[in-house]
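Input: a single structure, listed below in structure tokens.
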Amino acid sequence: MTIAEIFETMEYGPAPEAADPAEAWLDARNREILPFVNGAFLRPEGGEFFDSVNPGTGKPLARIAQCGAPEVDAAVAAARAAQAGWWALGGHGRARYLYALARQIQKNSRLLAVLETLDNGKPIRETRDLDVPLVARHFYHHAGWAQLMASELPGQVPVGVAGQIIPWNFPLLMLAWKIAPALAMGNTVVLKPAEFTSVTAALFGELCRDVGLPPGVVNLVMGDGRTGALLAQHSGIDKLAFTGSTDVGRILREVTAGSGKKLSLELGGKSPFVVFDDADLDGAVEGVVDAIWFNQGQVCCAGSRLLVHEGVAETFYAKLRARMETLRVGDPRDKAIDIGAIVAPVQLERIERLVKQGVEEGAKLWQPSWSCPREGYFYPPTLFTDVAPAATIAQVEIFGPVLVAMTFRTPEEAIELANNTRFGLAASLWTENINLALELAAKIKAGTVWINCTNVFDAASGFGGYRESGFGREGGKEGLWEYVQPAWLAEAKARQKTALASPIAPETSASPEEDEDDGPAAGLPAIDRTAKLYVGGKQSRPDGEAVRKIYGAGGRLLGEVGEGNRKDLRNAVEAARKAQPGWGKSTAHLRAQILYYVAENLSARQGEMAKRLSDLTGAAQAVARTEVDLAIERLFTNAAWADKYAGTVQATPLKNFTFAVHEPLGTIGIVAPDESPLLAFCSLFAPALAMGNAAVIVPSERWPLAATDLYQVFDTSDVPAGVINIVTGGRDALAKVLAQHDDLDGVWYFGGREGSAQVEKASIGNLKRTWASNGVARDWADPEQGSGEEFLRQAVQVKNIWVPFGE
Ligand code: NAD
């Protein structure tokens with residue numbers, strides 16, 4: 001057909017991007033994709049390879065090395081050996097390399113884009129216009145962070161060697177999201193690409209070599225989940241960054257528990273796409289195309305749940321079906337197609353199985369009239385209507401071009417439906433009413449909210465999940481924290497490694513003696529002084545009716561506290577859950593005022609508290625007084641932060657505002673350490689409360705009276721009931737219950753290594769965020785160790801809200 005004839009008929013004519021340079025690149029390497037270790041490609045010892053297939057044709061593309069323990073060991077060793085030198089290079093030195101990588105990616109962009117398309121099956125339009133430019137952008141952006149690290153993250157040092165495991169849906173982009181921030185902050189990396197898509201990682205390895213990146217700074221090990229498991233469990237890595245399914249995320253939480261490795265998990269999603277009746281419906285239809293048919297719907301933040309205002313639902317579905325009819329599925333290299341191939345037969349089968357289940361569960365299926373190419377792995381755009389909110393297809397991540405639609409009547413109902421998922425990665429809201437949009441943006445539990453846009457990303461904006469979509473952020477300044485640690489902590493960990501000392505030397509417990517000095521007046525029985533639990537603003541008797549005796553210095557019996565159990569914690573979590581929304585919504589000014597008030601009332605009882613501390617710990621009165629002083633100061637510090645740690649506006653390169661908002665994490669379980677029993681207790685609850693969380697706290701197991709003495713302080717300081725709850729008792733037994741509790745959003749644990757391991761392991765139920773000290777003791781009196789951004793960061797989650805404006 002001639003161009004003139006095509007023009008006449010307006011028939012579609014394919015326009016495939018030439019694959020020759022990419023094929024030649026593969027041929028020149030004998031179609032073998034080898035691990036990149038210490039600056040060189042090496043042949044794996046086992047000599048095992050597996051086929052990688054071009055999803056667009058179903059034909060083999062390359063053979064990928066299956067790396068085993070020898071390669072993973074070598075890669076970790078190379079990364080370790082290179083790390084000190086990479087850090088010593090300084091921010092500017094690293095910035096130069098990251099800049100060089102960005103330039104090199106741009107110069108090789110066509111080759112990268114075509115190889116990515118051949119390997120993954122995504123349309124060339126996407127790899128060329130989106131994936132690769134964003135990869136370059138990530139390296140540019142992080143070249144900047146390397147340059148600015150010393151001034152913008154003072155006191156922070158690299159974590160060390162990062163193990164990184166990525167999925168197949170954005171092979172290069174996920175690689176960039178992982179490698180760029182790690183390198184910028186002075187870490188070295190061992191990255192494992194997904195088994196289906198390892199080809200472009202190898203090309204990236206070559207680019208690292210070409211720019212003269214010091215050997216060992218970037219290492220790439222290819223292979224399937226077995227290689228990933230070897231990397232995750234390797235004792236030589238200090239940090240594990242994972243993007244992939246929630247199931248594997250859970251496994252990784254478990255296998256790294258107690259290892260002291262820093263962990264970030266970017267997991268699955270089932271993101272809502274909400275269309276109100278006042279939205280630009282045609283614009284929203286195009287939004288849906290980008291939300292669920294971009295990358296064949298194989299996008300963690302795909303807008304896979306369409307929620308439509310009831311009044312416009314039928315009109316909207318009709319427009320959508322008409323648009324679906326015009327979408328083109330086919331050869332991913334063709335510049336004129338909209339939807340490419342599904343990555344692999346196993347993924348195609350999963351989509352088919354879930355669609356069948358959707359039909360069986362009674363939802364109405366609609367697909368366009370045309371059929372997909374027979375060669376390769378294709379699936380048509382699919383719309384389900386009449387979907388029950390609890391249906392499998394409404395709850396499970398399909399990871400394919402399948403959209404499930406539901407209707408709502410009111411904004412409240414839209415919020416309820418939007419949040420009716422265990423995930424919380426993203427949401428897209430369509431309305432011309434900015435008031436409504438921002439109201440919903442605040443109420444939907446998701447790490448990214450797009451208003452009248454969808455699936456837009458940028459290196460300057462953090463990305464990551466709430467709930468079972470994982471924890472940690474990638475991109476923006478917030479993403480850098482995943483790859484740094486305070487210098488004092490790095491030193492303490494190094495000391496711990498050599499000494500393996502326990503945080504608190506167990507004190508020889510003196511035999512309990514009766515308190516002679518403070519005994520009752522002659523002839524009168526002692527007044528019972530058992531401190532109860534503090535739940536929902538009231539003192540309550542422990543469920544088990546059991547108490548534990550508390551001994552002070554020299555083994556003197558100082559009192560008794562309630563022995564809390566599972567039921568008590570359940571009640572406390574319930575009270576906290578009830579109180580948190582109101583507290584979270586209250587103004588930061590009010591929260592600050594209340595913390596100041598707690599400080600004021602504590603200072604009124606300064607002498608008494610100091611005596612108590614001195615009786616408990618045996619500290620001299622002056623030392624105890626200092627602890628009370630510092631506790632008051634700590635309360636002031638956190639009151640001060642309440643209205644100052646609010647977020648930022650990110651400079652993303654669209655015509656829009658991107659607000660990085662700090663939201664409370666929610667309800668936090670806190671297990672306080674024994675050392676500095678009052679100061680540590682205040683240092684922990686105050687930032688949690690300042691940032692709008694409600695807390696359930698297990699105070700020092702040994703000296704809980706330092707905390708229970710505060711009940712009256714809380715009562716007289718206007719702390720709303722349920723915002724702070726205190727359950728005394730055995731630390732590790734209670735910590736485990738807190739970590740298992742699915743109604744808590746986070747657990748902070750300050751104690752030994754075994755307790756930390758237990759907390760991390762027990763947290764996999766709802767994948768709550770954990771902050772465990774792993775046996776590293778803090779000097780709570782030091783403001784750097786006992787307060788500041790680290791605490792505030794643990795108390796919030798960052799939500800990025802994208803608000804475009806203009807035409
Ligand atoms: P997957 O979890 O099966 O695999 C991801 C990676 O983990 C692969 O490299 C795989 O080899 C490796 N792996 C598998 N088992 C392992 C184990 N036991 N130990 C260590 N590593 C192991 O996920 P997938 O199917 O490749 O990717 C799809 C998933 O990724 C979806 O759930 C999607 O939502 C998610 N995803 C999330 C984001 C995000 O930023 N939140 C981004 C992209 C994809």
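Letters for chains follow the order of the structure tokens (A, B, ...), residue numbers begin at 1 for each chain, and ligand numbers begin at 1 in the order shown.
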
Exercise for the section: Write out as a PyMOL selection string each polymer residue whose atoms come within 12 Å of A:Gln104, counting only C-alpha atoms; drop sequence neighbours fewer than 5 positions from it. Expected result: chain A and resi 97-99+109-112+132-133+135-137+139-140+203-213

Practice task
Write as JSON, numbers by chain the residues around ligand 1, taking 8 Å as the cut-off and counting only C-alpha atoms and all ligand atoms.
Solution key: {"A": [165, 166, 167, 168, 169, 170, 174, 192, 193, 194, 195, 223, 224, 225, 226, 227, 228, 229, 230, 231, 232, 242, 243, 244, 245, 246, 247, 248, 249, 251, 252, 265, 266, 267, 268, 269, 298, 299, 300, 301, 397, 399, 425, 463, 464, 465, 469, 470, 474]}

Problem - Residues near A:Leu118, cut-off 8 Å, only C-alpha atoms, skip fewer than 5 positions along chain, as an MDAnalysis selection string - result: chainID A and resid 54:56 61 332:333

Those residues you just picked out, can you put them in a file as a PDB file, in the first residue's frame with N, CA and C atoms?
```pdb
ATOM      1  N   ASN A  54      11.353 -12.566  23.774  1.00  0.00           N
ATOM      2  CA  ASN A  54      10.751 -11.305  23.316  1.00  0.00           C
ATOM      3  C   ASN A  54       9.229 -11.471  23.365  1.00  0.00           C
ATOM      4  N   PRO A  55       8.557 -10.780  24.269  1.00  0.00           N
ATOM      5  CA  PRO A  55       7.105 -10.992  24.428  1.00  0.00           C
ATOM      6  C   PRO A  55       6.315 -10.603  23.178  1.00  0.00           C
ATOM      7  N   GLY A  56       6.892  -9.737  22.359  1.00  0.00           N
ATOM      8  CA  GLY A  56       6.180  -9.305  21.158  1.00  0.00           C
ATOM      9  C   GLY A  56       6.133 -10.389  20.090  1.00  0.00           C
ATOM     10  N   LEU A  61      15.193 -14.252  22.954  1.00  0.00           N
ATOM     11  CA  LEU A  61      15.919 -13.016  22.672  1.00  0.00           C
ATOM     12  C   LEU A  61      17.375 -13.150  23.132  1.00  0.00           C
ATOM     13  N   PRO A 332       5.167  -4.259  19.778  1.00  0.00           N
ATOM     14  CA  PRO A 332       5.656  -3.173  20.646  1.00  0.00           C
ATOM     15  C   PRO A 332       6.632  -2.224  19.944  1.00  0.00           C
ATOM     16  N   ARG A 333       7.273  -2.712  18.897  1.00  0.00           N
ATOM     17  CA  ARG A 333       8.220  -1.829  18.190  1.00  0.00           C
ATOM     18  C   ARG A 333       7.495  -0.819  17.302  1.00  0.00           C
TER      19      ARG A 333
END
```

Exercise for the section: Check the DSSP output for the backbone and give back, as an NGL selection string, the residues of stretch 542-615 of chain A in strand (DSSP E or B). Expected result: :A and (547-551 or 556-562)

Only all heavy atoms, please: the residues just picked out, written as a CSV table (one decimal), in the first residue's frame.
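Saved to selection31.csv:
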```csv
chain,number,residue,atom,x,y,z
A,547,VAL,N,-0.1,-8.3,88.8
A,547,VAL,CA,0.8,-7.1,89.0
A,547,VAL,C,2.3,-7.6,89.0
A,547,VAL,O,2.6,-8.8,89.2
A,547,VAL,CB,0.5,-6.4,90.3
A,547,VAL,CG1,-0.8,-5.7,90.3
A,547,VAL,CG2,0.7,-7.3,91.5
A,548,ARG,N,3.1,-6.7,88.7
A,548,ARG,CA,4.6,-7.0,88.9
A,548,ARG,C,5.2,-6.0,89.9
A,548,ARG,O,4.8,-4.8,89.9
A,548,ARG,CB,5.3,-7.1,87.6
A,548,ARG,CG,5.4,-5.8,86.8
A,548,ARG,CD,6.4,-5.9,85.7
A,548,ARG,NE,6.2,-7.1,84.8
A,548,ARG,CZ,7.2,-7.7,84.2
A,548,ARG,NH1,8.4,-7.2,84.3
A,548,ARG,NH2,6.9,-8.7,83.4
A,549,LYS,N,6.1,-6.5,90.7
A,549,LYS,CA,6.7,-5.6,91.7
A,549,LYS,C,7.9,-4.9,91.0
A,549,LYS,O,8.6,-5.4,90.2
A,549,LYS,CB,7.3,-6.5,92.8
A,549,LYS,CG,6.2,-7.1,93.6
A,549,LYS,CD,6.9,-7.8,94.8
A,549,LYS,CE,6.0,-8.5,95.8
A,549,LYS,NZ,4.6,-8.3,95.8
A,550,ILE,N,8.0,-3.6,91.4
A,550,ILE,CA,9.1,-2.8,90.8
A,550,ILE,C,10.0,-2.4,91.9
A,550,ILE,O,9.7,-1.8,92.9
A,550,ILE,CB,8.5,-1.5,90.2
A,550,ILE,CG1,7.5,-1.9,89.1
A,550,ILE,CG2,9.6,-0.6,89.6
A,550,ILE,CD1,8.0,-2.7,88.0
A,551,TYR,N,11.3,-2.8,91.7
A,551,TYR,CA,12.3,-2.6,92.7
A,551,TYR,C,13.2,-1.4,92.2
A,551,TYR,O,13.5,-1.3,91.0
A,551,TYR,CB,13.2,-3.8,92.9
A,551,TYR,CG,12.4,-5.0,93.4
A,551,TYR,CD1,11.9,-6.0,92.5
A,551,TYR,CD2,12.0,-5.0,94.7
A,551,TYR,CE1,11.2,-7.0,93.0
A,551,TYR,CE2,11.2,-6.1,95.2
A,551,TYR,CZ,10.8,-7.1,94.3
A,551,TYR,OH,10.0,-8.1,94.8
A,556,ARG,N,15.2,-2.1,96.6
A,556,ARG,CA,14.0,-1.6,97.4
A,556,ARG,C,12.7,-1.7,96.6
A,556,ARG,O,12.7,-1.3,95.5
A,556,ARG,CB,14.2,-0.2,97.9
A,556,ARG,CG,15.1,0.0,99.0
A,556,ARG,CD,15.2,1.4,99.5
A,556,ARG,NE,14.5,2.3,98.7
A,556,ARG,CZ,14.4,3.6,98.9
A,556,ARG,NH1,15.1,4.1,99.9
A,556,ARG,NH2,13.7,4.4,98.1
A,557,LEU,N,11.7,-2.3,97.3
A,557,LEU,CA,10.4,-2.4,96.6
A,557,LEU,C,9.8,-1.0,96.5
A,557,LEU,O,9.6,-0.3,97.6
A,557,LEU,CB,9.5,-3.3,97.3
A,557,LEU,CG,8.1,-3.5,96.7
A,557,LEU,CD1,8.2,-4.2,95.4
A,557,LEU,CD2,7.2,-4.2,97.6
A,558,LEU,N,9.6,-0.5,95.3
A,558,LEU,CA,9.0,0.9,95.2
A,558,LEU,C,7.5,0.9,94.9
A,558,LEU,O,6.9,2.0,95.0
A,558,LEU,CB,9.8,1.6,94.2
A,558,LEU,CG,11.3,2.0,94.5
A,558,LEU,CD1,11.8,2.8,93.4
A,558,LEU,CD2,11.3,2.8,95.8
A,559,GLY,N,7.0,-0.2,94.4
A,559,GLY,CA,5.6,-0.2,94.1
A,559,GLY,C,5.3,-1.3,93.2
A,559,GLY,O,6.2,-2.2,92.9
A,560,GLU,N,4.1,-1.3,92.6
A,560,GLU,CA,3.7,-2.4,91.7
A,560,GLU,C,3.0,-1.8,90.5
A,560,GLU,O,2.5,-0.7,90.6
A,560,GLU,CB,2.7,-3.3,92.4
A,560,GLU,CG,3.4,-4.2,93.5
A,560,GLU,CD,2.4,-5.0,94.3
A,560,GLU,OE1,1.2,-4.5,94.4
A,560,GLU,OE2,2.8,-6.0,94.8
A,561,VAL,N,3.2,-2.4,89.4
A,561,VAL,CA,2.4,-2.0,88.2
A,561,VAL,C,1.6,-3.1,87.7
A,561,VAL,O,1.9,-4.3,87.9
A,561,VAL,CB,3.4,-1.4,87.1
A,561,VAL,CG1,4.1,-0.2,87.5
A,561,VAL,CG2,4.3,-2.5,86.6
A,562,GLY,N,0.6,-2.8,86.9
A,562,GLY,CA,-0.2,-3.8,86.3
A,562,GLY,C,0.6,-4.6,85.3
A,562,GLY,O,1.5,-4.1,84.6
```

Stretch 534-695 of chain A: which residues are helix (DSSP H, G or I) by DSSP, as a PDB file with C-alpha atoms, in the first residue's frame?
```pdb
ATOM      1  CA  ALA A 553      18.105   0.980  93.485  1.00  0.00           C
ATOM      2  CA  GLY A 554      19.468  -1.383  96.044  1.00  0.00           C
ATOM      3  CA  GLY A 555      16.546  -3.736  95.524  1.00  0.00           C
ATOM      4  CA  ARG A 566      -2.847  -9.224  74.911  1.00  0.00           C
ATOM      5  CA  LYS A 567      -6.348  -8.130  75.867  1.00  0.00           C
ATOM      6  CA  ASP A 568      -5.071  -4.929  77.505  1.00  0.00           C
ATOM      7  CA  LEU A 569      -3.106  -4.103  74.380  1.00  0.00           C
ATOM      8  CA  ARG A 570      -6.142  -4.793  72.247  1.00  0.00           C
ATOM      9  CA  ASN A 571      -8.141  -2.340  74.313  1.00  0.00           C
ATOM     10  CA  ALA A 572      -5.342   0.210  74.154  1.00  0.00           C
ATOM     11  CA  VAL A 573      -5.029  -0.099  70.365  1.00  0.00           C
ATOM     12  CA  GLU A 574      -8.780   0.259  70.053  1.00  0.00           C
ATOM     13  CA  ALA A 575      -8.700   3.431  72.152  1.00  0.00           C
ATOM     14  CA  ALA A 576      -5.806   4.811  70.142  1.00  0.00           C
ATOM     15  CA  ARG A 577      -7.478   3.957  66.840  1.00  0.00           C
ATOM     16  CA  LYS A 578     -10.601   5.761  67.976  1.00  0.00           C
ATOM     17  CA  ALA A 579      -8.733   8.844  69.121  1.00  0.00           C
ATOM     18  CA  GLN A 580      -6.282   9.192  66.251  1.00  0.00           C
ATOM     19  CA  PRO A 581      -8.457  10.653  63.482  1.00  0.00           C
ATOM     20  CA  GLY A 582      -9.528  13.566  65.675  1.00  0.00           C
ATOM     21  CA  TRP A 583      -6.021  14.144  66.981  1.00  0.00           C
ATOM     22  CA  GLY A 584      -4.524  13.862  63.483  1.00  0.00           C
ATOM     23  CA  LYS A 585      -6.986  16.441  62.216  1.00  0.00           C
ATOM     24  CA  ALA A 588      -0.495  21.491  64.700  1.00  0.00           C
ATOM     25  CA  HIS A 589      -0.752  24.563  66.911  1.00  0.00           C
ATOM     26  CA  LEU A 590      -3.084  22.753  69.271  1.00  0.00           C
ATOM     27  CA  ARG A 591      -0.846  19.690  69.410  1.00  0.00           C
ATOM     28  CA  ALA A 592       2.101  21.948  70.186  1.00  0.00           C
ATOM     29  CA  GLN A 593       0.147  23.687  72.919  1.00  0.00           C
ATOM     30  CA  ILE A 594      -0.743  20.415  74.561  1.00  0.00           C
ATOM     31  CA  LEU A 595       2.852  19.204  74.517  1.00  0.00           C
ATOM     32  CA  TYR A 596       3.971  22.505  76.061  1.00  0.00           C
ATOM     33  CA  TYR A 597       1.285  22.024  78.668  1.00  0.00           C
ATOM     34  CA  VAL A 598       2.545  18.503  79.451  1.00  0.00           C
ATOM     35  CA  ALA A 599       6.011  20.033  79.861  1.00  0.00           C
ATOM     36  CA  GLU A 600       4.631  22.727  82.145  1.00  0.00           C
ATOM     37  CA  ASN A 601       2.828  20.232  84.352  1.00  0.00           C
ATOM     38  CA  LEU A 602       5.860  17.998  84.453  1.00  0.00           C
ATOM     39  CA  SER A 603       7.985  20.899  85.565  1.00  0.00           C
ATOM     40  CA  ALA A 604       5.508  21.583  88.368  1.00  0.00           C
ATOM     41  CA  GLN A 606      10.011  18.292  88.957  1.00  0.00           C
ATOM     42  CA  GLY A 607      11.247  17.582  92.466  1.00  0.00           C
ATOM     43  CA  GLU A 608       8.948  14.646  92.949  1.00  0.00           C
ATOM     44  CA  MET A 609       9.868  13.178  89.541  1.00  0.00           C
ATOM     45  CA  ALA A 610      13.563  13.592  90.227  1.00  0.00           C
ATOM     46  CA  LYS A 611      13.190  11.789  93.526  1.00  0.00           C
ATOM     47  CA  ARG A 612      11.301   9.014  91.815  1.00  0.00           C
ATOM     48  CA  LEU A 613      14.022   8.629  89.195  1.00  0.00           C
ATOM     49  CA  SER A 614      16.708   8.640  91.782  1.00  0.00           C
ATOM     50  CA  ASP A 615      14.862   6.021  93.848  1.00  0.00           C
ATOM     51  CA  LEU A 616      14.368   3.886  90.758  1.00  0.00           C
ATOM     52  CA  THR A 617      17.739   4.027  89.091  1.00  0.00           C
ATOM     53  CA  GLN A 621      19.504  13.559  92.815  1.00  0.00           C
ATOM     54  CA  ALA A 622      21.359  16.038  90.632  1.00  0.00           C
ATOM     55  CA  VAL A 623      21.587  13.541  87.786  1.00  0.00           C
ATOM     56  CA  ALA A 624      17.922  12.688  88.159  1.00  0.00           C
ATOM     57  CA  ARG A 625      17.030  16.384  88.128  1.00  0.00           C
ATOM     58  CA  THR A 626      18.946  16.750  84.892  1.00  0.00           C
ATOM     59  CA  GLU A 627      16.941  13.919  83.374  1.00  0.00           C
ATOM     60  CA  VAL A 628      13.695  15.673  84.282  1.00  0.00           C
ATOM     61  CA  ASP A 629      15.058  18.936  82.878  1.00  0.00           C
ATOM     62  CA  LEU A 630      15.997  17.219  79.648  1.00  0.00           C
ATOM     63  CA  ALA A 631      12.598  15.546  79.442  1.00  0.00           C
ATOM     64  CA  ILE A 632      10.954  18.967  79.725  1.00  0.00           C
ATOM     65  CA  GLU A 633      13.273  20.316  77.070  1.00  0.00           C
ATOM     66  CA  ARG A 634      12.523  17.325  74.816  1.00  0.00           C
ATOM     67  CA  LEU A 635       8.818  18.033  75.140  1.00  0.00           C
ATOM     68  CA  PHE A 636       9.509  21.626  74.128  1.00  0.00           C
ATOM     69  CA  THR A 637      11.572  20.475  71.134  1.00  0.00           C
ATOM     70  CA  ASN A 638       8.765  18.301  69.858  1.00  0.00           C
ATOM     71  CA  ALA A 639       6.128  20.909  70.583  1.00  0.00           C
ATOM     72  CA  ALA A 640       8.268  23.256  68.520  1.00  0.00           C
ATOM     73  CA  TRP A 641       8.405  20.797  65.634  1.00  0.00           C
ATOM     74  CA  ALA A 642       4.639  20.166  65.604  1.00  0.00           C
ATOM     75  CA  PRO A 677      13.245   5.829  81.725  1.00  0.00           C
ATOM     76  CA  LEU A 678      11.604   9.265  81.801  1.00  0.00           C
ATOM     77  CA  LEU A 679      13.648  11.004  79.134  1.00  0.00           C
ATOM     78  CA  ALA A 680      13.447   8.154  76.635  1.00  0.00           C
ATOM     79  CA  PHE A 681       9.724   7.780  77.258  1.00  0.00           C
ATOM     80  CA  CYS A 682       9.143  11.492  76.572  1.00  0.00           C
ATOM     81  CA  SER A 683      11.533  11.486  73.601  1.00  0.00           C
ATOM     82  CA  LEU A 684       9.407   8.784  72.005  1.00  0.00           C
ATOM     83  CA  PHE A 685       5.815   9.689  72.711  1.00  0.00           C
ATOM     84  CA  ALA A 686       6.296  13.410  72.043  1.00  0.00           C
ATOM     85  CA  PRO A 687       7.265  13.254  68.332  1.00  0.00           C
ATOM     86  CA  ALA A 688       4.590  10.633  67.737  1.00  0.00           C
ATOM     87  CA  LEU A 689       1.973  12.935  69.229  1.00  0.00           C
ATOM     88  CA  ALA A 690       3.416  16.090  67.676  1.00  0.00           C
TER      89      ALA A 690
END
```
